Structures are given as structure tokens and as C-alpha cells.
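*Asks:* Got a file for you: upload04.cif, mmCIF, C-alpha atoms and all ligand atoms.
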```cif
data_target
#
loop_
_atom_site.label_atom_id
_atom_site.label_comp_id
_atom_site.auth_asym_id
_atom_site.auth_seq_id
_atom_site.Cartn_x
_atom_site.Cartn_y
_atom_site.Cartn_z
CA MET A 2 34.55 -75.54 76.22
CA LEU A 3 34.59 -73.19 79.25
CA ASP A 4 35.56 -75.86 81.71
CA ALA A 5 39.16 -76.14 80.65
CA PRO A 6 40.09 -72.44 81.02
CA LEU A 7 38.19 -72.16 84.32
CA ALA A 8 39.90 -75.24 85.61
CA ALA A 9 43.21 -73.82 84.50
CA ILE A 10 42.50 -70.56 86.34
CA GLY A 11 41.51 -72.52 89.44
CA VAL A 12 44.59 -74.66 89.35
CA SER A 13 46.75 -71.64 88.76
CA ALA A 14 45.19 -69.74 91.68
CA ALA A 15 45.56 -72.73 93.94
CA LEU A 16 49.17 -73.15 92.95
CA THR A 17 50.08 -69.49 93.40
CA GLY A 18 48.14 -69.31 96.68
CA PHE A 19 49.62 -72.50 98.07
CA PRO A 20 52.86 -71.01 99.37
CA LEU A 21 50.84 -68.41 101.33
CA VAL A 22 48.16 -70.72 102.67
CA LEU A 23 50.48 -73.03 104.57
CA PRO A 24 52.25 -70.32 106.58
CA MET A 25 48.88 -68.70 107.29
CA LEU A 26 47.47 -71.99 108.57
CA ALA A 27 50.61 -72.65 110.60
CA GLY A 28 50.45 -69.14 112.05
CA ALA A 29 46.79 -69.49 112.94
CA SER A 30 47.28 -72.85 114.63
CA LEU A 31 50.30 -71.53 116.53
CA ALA A 32 48.24 -68.54 117.71
CA ILE A 33 45.42 -70.83 118.88
CA HIS A 34 47.90 -73.13 120.63
CA THR A 35 49.66 -70.20 122.34
CA TRP A 36 46.31 -68.77 123.47
CA GLY A 37 45.28 -72.18 124.81
CA VAL A 38 48.52 -72.61 126.74
CA VAL A 39 49.13 -69.09 128.04
CA ASP A 40 45.84 -67.22 128.44
CA PRO A 41 44.52 -67.66 131.99
CA ARG A 42 40.96 -67.45 130.66
CA SER A 43 41.40 -70.15 128.05
CA SER A 44 39.72 -73.52 128.60
CA PHE A 45 40.99 -74.75 125.22
CA TYR A 46 43.09 -77.56 126.69
CA LEU A 47 41.42 -78.03 130.06
CA PRO A 48 38.56 -76.33 131.92
CA VAL A 49 39.78 -73.41 134.00
CA TRP A 50 38.02 -71.23 136.55
CA TRP A 51 39.43 -67.72 136.24
CA ARG A 52 36.72 -65.78 138.09
CA LEU A 53 34.01 -66.46 140.62
CA PRO A 54 30.48 -67.48 139.61
CA ALA A 55 27.94 -64.95 138.36
CA GLY A 56 26.18 -63.18 141.21
CA GLU A 57 29.12 -63.41 143.61
CA ARG A 58 29.57 -60.08 145.40
CA HIS A 59 33.00 -60.76 146.84
CA MET A 60 36.45 -61.86 145.63
CA ALA A 61 39.42 -64.14 146.24
CA LEU A 62 42.96 -63.06 147.02
CA THR A 63 45.38 -65.80 145.97
CA PHE A 64 49.10 -66.17 146.62
CA ASP A 65 51.45 -68.37 144.61
CA ASP A 66 54.87 -69.95 145.12
CA GLY A 67 55.11 -69.78 148.94
CA PRO A 68 55.46 -70.30 151.69
CA HIS A 69 58.38 -67.94 152.20
CA PRO A 70 59.97 -67.59 155.65
CA ASP A 71 60.11 -63.79 155.52
CA VAL A 72 57.21 -62.71 153.30
CA THR A 73 54.44 -65.20 154.12
CA PRO A 74 54.25 -64.36 157.87
CA ARG A 75 53.90 -60.68 156.99
CA VAL A 76 51.19 -61.50 154.45
CA LEU A 77 49.34 -63.48 157.11
CA ASP A 78 49.70 -60.64 159.63
CA ARG A 79 48.21 -58.16 157.15
CA LEU A 80 45.32 -60.45 156.22
CA ALA A 81 44.51 -61.10 159.88
CA ALA A 82 44.57 -57.39 160.71
CA ALA A 83 42.22 -56.68 157.81
CA GLY A 84 39.92 -59.62 158.57
CA GLN A 85 40.47 -61.11 155.10
CA ARG A 86 41.11 -64.73 154.20
CA ALA A 87 42.79 -66.05 151.07
CA THR A 88 44.01 -69.07 149.13
CA PHE A 89 47.68 -70.06 149.01
CA PHE A 90 48.82 -72.13 146.03
CA VAL A 91 52.01 -73.35 147.63
CA ILE A 92 54.95 -75.14 146.06
CA GLY A 93 55.30 -78.58 147.68
CA GLU A 94 59.06 -78.27 148.13
CA ASN A 95 58.63 -74.90 149.89
CA ALA A 96 55.89 -76.38 152.07
CA ARG A 97 58.22 -79.22 153.07
CA ARG A 98 60.92 -76.72 154.02
CA HIS A 99 58.57 -74.48 156.04
CA PRO A 100 56.02 -76.78 157.68
CA ALA A 101 55.12 -74.34 160.49
CA LEU A 102 54.04 -71.78 157.92
CA VAL A 103 51.81 -74.27 156.15
CA ARG A 104 50.16 -75.11 159.47
CA ARG A 105 49.76 -71.42 160.27
CA ILE A 106 48.10 -70.74 156.89
CA SER A 107 45.66 -73.56 157.56
CA ALA A 108 45.07 -72.69 161.23
CA GLU A 109 44.24 -69.07 160.39
CA GLY A 110 41.39 -70.13 158.11
CA HIS A 111 43.00 -69.76 154.70
CA ALA A 112 42.82 -72.39 151.98
CA LEU A 113 45.75 -74.29 150.54
CA GLY A 114 45.91 -75.14 146.86
CA LEU A 115 48.20 -77.31 144.77
CA HIS A 116 50.93 -75.70 142.68
CA SER A 117 53.09 -78.80 142.01
CA PHE A 118 55.92 -80.09 144.18
CA SER A 119 58.85 -78.84 142.13
CA HIS A 120 57.53 -75.84 140.17
CA SER A 121 59.94 -77.00 137.47
CA ARG A 122 60.16 -74.72 134.48
CA PHE A 123 59.94 -77.88 132.38
CA PHE A 124 56.68 -78.92 134.07
CA CYS A 125 54.51 -78.47 130.98
CA THR A 126 56.93 -80.47 128.81
CA TRP A 127 56.74 -83.57 131.01
CA LEU A 128 54.70 -86.62 130.13
CA PRO A 129 51.40 -86.96 132.04
CA ALA A 130 52.75 -89.66 134.39
CA LYS A 131 55.53 -87.38 135.58
CA VAL A 132 53.22 -84.36 135.86
CA THR A 133 50.81 -86.51 137.88
CA ALA A 134 53.56 -87.77 140.19
CA ASP A 135 54.80 -84.23 140.86
CA ILE A 136 51.32 -82.93 141.70
CA VAL A 137 50.62 -85.95 143.92
CA ARG A 138 53.90 -85.47 145.78
CA GLY A 139 52.94 -81.86 146.54
CA ALA A 140 49.46 -82.93 147.63
CA GLU A 141 50.89 -85.55 149.99
CA VAL A 142 53.14 -82.97 151.66
CA LEU A 143 50.13 -80.75 152.38
CA ALA A 144 47.96 -83.61 153.64
CA ASP A 145 50.76 -84.78 155.96
CA LEU A 146 51.41 -81.30 157.35
CA THR A 147 47.81 -80.29 157.96
CA GLY A 148 46.25 -83.66 158.78
CA ARG A 149 43.50 -82.77 156.33
CA PRO A 150 42.54 -84.22 152.95
CA ALA A 151 44.79 -82.97 150.16
CA PRO A 152 43.50 -79.90 148.31
CA THR A 153 41.81 -80.47 144.96
CA LEU A 154 42.20 -76.93 143.61
CA PHE A 155 45.23 -76.67 141.33
CA ARG A 156 47.06 -73.80 139.70
CA PRO A 157 49.57 -74.90 137.03
CA PRO A 158 53.12 -73.56 137.45
CA VAL A 159 53.40 -70.30 135.49
CA GLY A 160 49.74 -70.84 134.59
CA LEU A 161 50.67 -72.90 131.53
CA LYS A 162 48.18 -75.52 130.31
CA ASN A 163 48.55 -78.05 127.54
CA PRO A 164 47.23 -81.54 126.70
CA LEU A 165 49.91 -83.22 128.85
CA VAL A 166 48.99 -81.22 131.94
CA ALA A 167 45.31 -81.66 131.10
CA MET A 168 45.64 -85.46 131.20
CA ALA A 169 47.15 -85.33 134.68
CA VAL A 170 44.50 -82.90 135.93
CA ARG A 171 41.74 -85.16 134.62
CA ARG A 172 43.35 -88.24 136.11
CA LEU A 173 43.53 -86.59 139.53
CA ASP A 174 40.10 -84.94 139.20
CA LEU A 175 41.39 -81.48 140.09
CA ARG A 176 39.82 -78.05 139.52
CA THR A 177 42.20 -75.72 137.71
CA VAL A 178 42.06 -72.17 139.02
CA THR A 179 43.76 -69.32 137.19
CA TRP A 180 43.05 -65.61 137.78
CA SER A 181 41.16 -62.58 136.54
CA CYS A 182 43.74 -60.04 137.62
CA ARG A 183 47.45 -59.78 138.40
CA GLY A 184 50.04 -57.08 138.77
CA ARG A 185 52.86 -59.08 137.16
CA ASP A 186 54.63 -58.56 140.49
CA THR A 187 57.33 -61.14 139.72
CA THR A 188 58.69 -59.01 136.87
CA LEU A 189 59.18 -56.04 139.21
CA PRO A 190 57.35 -53.40 137.20
CA PRO A 191 57.38 -49.82 138.52
CA LEU A 192 55.29 -49.89 141.68
CA PRO A 193 52.61 -47.46 140.44
CA VAL A 194 52.16 -49.58 137.30
CA MET A 195 51.76 -52.76 139.32
CA LEU A 196 49.32 -51.14 141.74
CA GLN A 197 47.25 -49.70 138.90
CA ARG A 198 46.91 -53.14 137.30
CA LEU A 199 45.73 -54.61 140.58
CA ARG A 200 43.36 -51.76 141.45
CA ALA A 201 41.76 -52.10 138.01
CA GLY A 202 40.95 -55.73 138.77
CA LEU A 203 39.37 -55.17 142.19
CA GLY A 204 35.70 -56.02 142.22
CA PRO A 205 33.07 -58.71 142.68
CA ARG A 206 34.01 -62.13 141.20
CA ALA A 207 37.73 -61.24 141.00
CA ILE A 208 40.45 -63.83 141.53
CA MET A 209 43.59 -61.83 142.18
CA LEU A 210 47.07 -63.31 141.79
CA LEU A 211 50.04 -62.25 143.92
CA HIS A 212 53.30 -64.05 144.76
CA ASP A 213 54.47 -64.46 148.35
CA GLY A 214 57.25 -66.91 147.46
CA HIS A 215 59.50 -68.09 144.68
CA GLU A 216 60.74 -71.25 143.06
CA PRO A 217 62.88 -73.41 145.36
CA ASP A 218 66.54 -72.38 145.16
CA ARG A 219 65.77 -69.46 142.84
CA PRO A 220 65.59 -66.50 145.24
CA ALA A 221 63.57 -63.54 144.05
CA ASP A 222 62.27 -60.29 145.49
CA ARG A 223 58.70 -60.74 146.73
CA GLN A 224 58.39 -57.57 148.79
CA ARG A 225 56.03 -56.23 146.11
CA CYS A 226 53.41 -58.57 147.47
CA LEU A 227 53.45 -56.64 150.76
CA ALA A 228 53.28 -53.27 149.02
CA ALA A 229 50.32 -54.56 147.03
CA LEU A 230 48.47 -55.63 150.16
CA ASP A 231 49.17 -52.30 151.88
CA ASP A 232 47.46 -50.61 148.94
CA LEU A 233 44.68 -53.11 148.25
CA LEU A 234 43.42 -54.04 151.70
CA PRO A 235 42.24 -50.50 152.62
CA ARG A 236 40.64 -50.18 149.17
CA MET A 237 38.82 -53.48 149.64
CA HIS A 238 37.56 -52.26 153.01
CA ALA A 239 36.34 -48.99 151.48
CA LEU A 240 34.54 -50.89 148.70
CA GLY A 241 33.02 -53.42 151.10
CA LEU A 242 34.86 -56.20 149.25
CA VAL A 243 35.60 -59.35 151.20
CA SER A 244 38.13 -62.02 150.26
CA ARG A 245 37.38 -65.57 151.28
CA PRO A 246 39.14 -68.89 150.57
CA LEU A 247 38.25 -70.72 147.39
CA ILE A 248 36.39 -74.00 147.70
CA ARG A 249 35.42 -76.68 145.24
CA THR A 250 31.75 -77.14 144.40
CA ALA A 251 29.97 -79.86 142.45
CA ASP A 252 30.33 -77.99 139.20
CA GLY A 253 33.07 -75.44 139.78
CA ILE A 254 34.43 -73.19 142.49
CA ALA A 255 33.01 -70.74 145.01
CA LEU A 256 33.99 -68.74 148.06
CA GLU A 257 33.91 -70.36 151.47
CA ALA A 258 31.07 -68.99 153.58
ZN ZN B 301 54.09 -70.34 140.47
#
```
Could the structure of this file be written out as C-alpha cells, please?
*Replies:*
Amino acid sequence: MLDAPLAAIGVSAALTGFPLVLPMLAGASLAIHTWGVVDPRSSFYLPVWWRLPAGERHMALTFDDGPHPDVTPRVLDRLAAAGQRATFFVIGENARRHPALVRRISAEGHALGLHSFSHSRFFCTWLPAKVTADIVRGAEVLADLTGRPAPTLFRPPVGLKNPLVAMAVRRLDLRTVTWSCRGRDTTLPPLPVMLQRLRAGLGPRAIMLLHDGHEPDRPADRQRCLAALDDLLPRMHALGLVSRPLIRTADGIALEA
């Protein structure tokens, strides 16, 4: 006799709750998807390395979107003067336009990483075959210019990861490197704000992101990168922190010796 009323209550609750449950589920799945795509620490869609392995005492300075004919030489001058070496995730099209800078980066002991050929803002909407072709084109430019094997460390344009990009990365057997710290220098925040963000991220195991260049044919102010280095390099020296190029290991990434 009790079953019918209980069933009725259950049905009623389910029916009244139904309109709320669907938006909640949709919201939760959207939040998970957004986290997976955007968060540099998320390996939801593909494995990422966002900091150096446990026990590492030093750090990695990384520069995206170059080379740039004005900014990159001044970055290299500052790194050389400070005795620091870094990793440059260059855009293939920029590398093609400034071959001497790519050779200089390599000759001065820094690492080159892949950052696509085009840096298209539609990159993460492309099908895997097109993503793959764009990455390969960038890799071929670097191999041709340096005479060395193409890099296998990859940083997705704008750091966005999704299943389409993941398929290409798996196909090419790349290591995806994001970052532990950035100053959001491309958005031109007030300088003290940017510097505070970067200073807060200085330390062992850090992978720091700065931008020495910009998307091809979309000029942008990258002088902040130089201001950041003028602030960070003396601090690194005072802390005994050394930046070295990133290398691939059997199971992840590490700093070059
Ligand atoms: Zn970029």
C-alpha cells in the first residue's frame, strides 16, 4: 500500500528536479571542458608538463611567439650578459622571416620549441590532420634553419588544448610544455602588477612564460618582455636560480645540464 504514494513522491521529485538537473549537468561539463582546454596545469585532454620534476633546484625561462627583429636580439643580449639560457617556442612563420635570429638562438645555447607555423587563432578548431600539418611545417622550418633534428617540445598556441590538438600531438609524439608562471605580458597590465606576478613565480621547478614576439602580421608591443628580464635576472642571480634550456627525457622533461 505504501509503494504507490512513495513512487508518486519519487516521480514528482524527479519531474520537478528535472529542469534543474540538466542545466547543472551542462554547466558542470562546460566547466570541466573549459578547465581542460584553458588551464595550463590540466592534463585532461593531453599530458602537459607545466613545471620541472620534483627535486629540481633550478628553473626554465621560456619565450613565445618570436623571433622578433627588435625584441629577440635584446632578449638574447640580456640572457648572455646574465649567463642564463632559455627555451624559445617560436612561430614557424616568424622563424622563416628571421632565419638569422633562429640560428643565433641555437648558436648561443638556447633551445627551440614548436609553437605551430601559423599561430592561427583558429588552431584549436582545426581537424587533427590540419593541426598536424601546421606543426610539421613549423618543425621543418626549424630543422632546415639549424641543421638539427626538429624540436619535439611543443607549446600549443595560446596554450589551448582539446581532443583535436591532442590527436596531432600524439601522432607526432611531442611533449606538451605549458608554464607554472606568467605575467600576462601580452595584455599590457600595469608594469608593477606584471612584475609582481612574475616575481611570485620565481623559484625551483618554475617554467616562466614571457613573449618576445607576436603573431605574424599582428604587431603588438613586446617591450614588457625586456622590462621583465631587467627585473627578474638580478633577482635570479641573488637567489642563485639558474635557467637552462628544456630537454625531453624518456618520461617527461628536464633542464639541460
Ligand atoms: Zn603564442
*Asks:* Give as number ranges by chain the residues surrounding ligand ZN 301 (chain B) up to a distance of 9 Å, considering only C-alpha atoms and all ligand atoms.
*Replies:* A: 64-67, 90-92, 116-117, 120, 156-160, 212, 214-216
*Asks:* Check the smallest atom-to-atom distance from each of A:Leu77, A:Leu256, A:Ala251, A:Ile106 to Leu227 in chain A using only C-alpha atoms, then report the winner.
*Replies:* A:Leu77
*Asks:* Sorted by chain and rising residue number, list the residues of range 95-182 of chain A at most 7 Å from range 28-41 of chain A (counting all atoms listed in the file), each with its closest atom pair and distance in Å to one decimal, as a Markdown table.
*Replies:*
```
| residue | atom | partner | partner_atom | distance |
| --- | --- | --- | --- | --- |
| A:Gly160 | CA | A:Pro41 | CA | 6.6 |
| A:Leu161 | CA | A:Val38 | CA | 5.3 |
| A:Lys162 | CA | A:Val38 | CA | 4.6 |
| A:Asn163 | CA | A:Val38 | CA | 5.5 |
| A:Thr179 | CA | A:Pro41 | CA | 5.5 |
| A:Trp180 | CA | A:Pro41 | CA | 6.3 |
```
*Asks:* Quick one: distance from CA of Ile136 in chain A to CA of Asp222 in chain A in Å, one decimal?
*Replies:* 25.4 Å
*Asks:* Could you check which of A:Val178, A:Leu240, A:Leu128, A:Leu146 is closest to Leu203 in chain A, using all atoms listed in the file?
*Replies:*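 Under the stated criterion, the closest residue is A:Leu240.
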*Asks:* Mind checking which residues fall within 9 Å of Arg52 in chain A, counting all atoms listed in the file, ignoring those fewer than 4 positions away in the same chain, and posting them as a list in words?
*Replies:*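 After dropping sequence-adjacent residues, the list is Arg42, Met60, Ala61, Val178, Thr179, Trp180, Ser181, Arg206, Ala207, Ile208, Met209 and Ile254 of chain A.
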*Asks:* Can you work out which one of A:Arg58, A:Pro100, A:Arg172, A:Asn95 has the shortest atom-to-atom distance to Thr133 in chain A, counting all atoms listed in the file?
*Replies:*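 Checking each of A:Arg58, A:Pro100, A:Arg172, A:Asn95 against Thr133 in chain A, counting all atoms listed in the file, the winner is A:Arg172.
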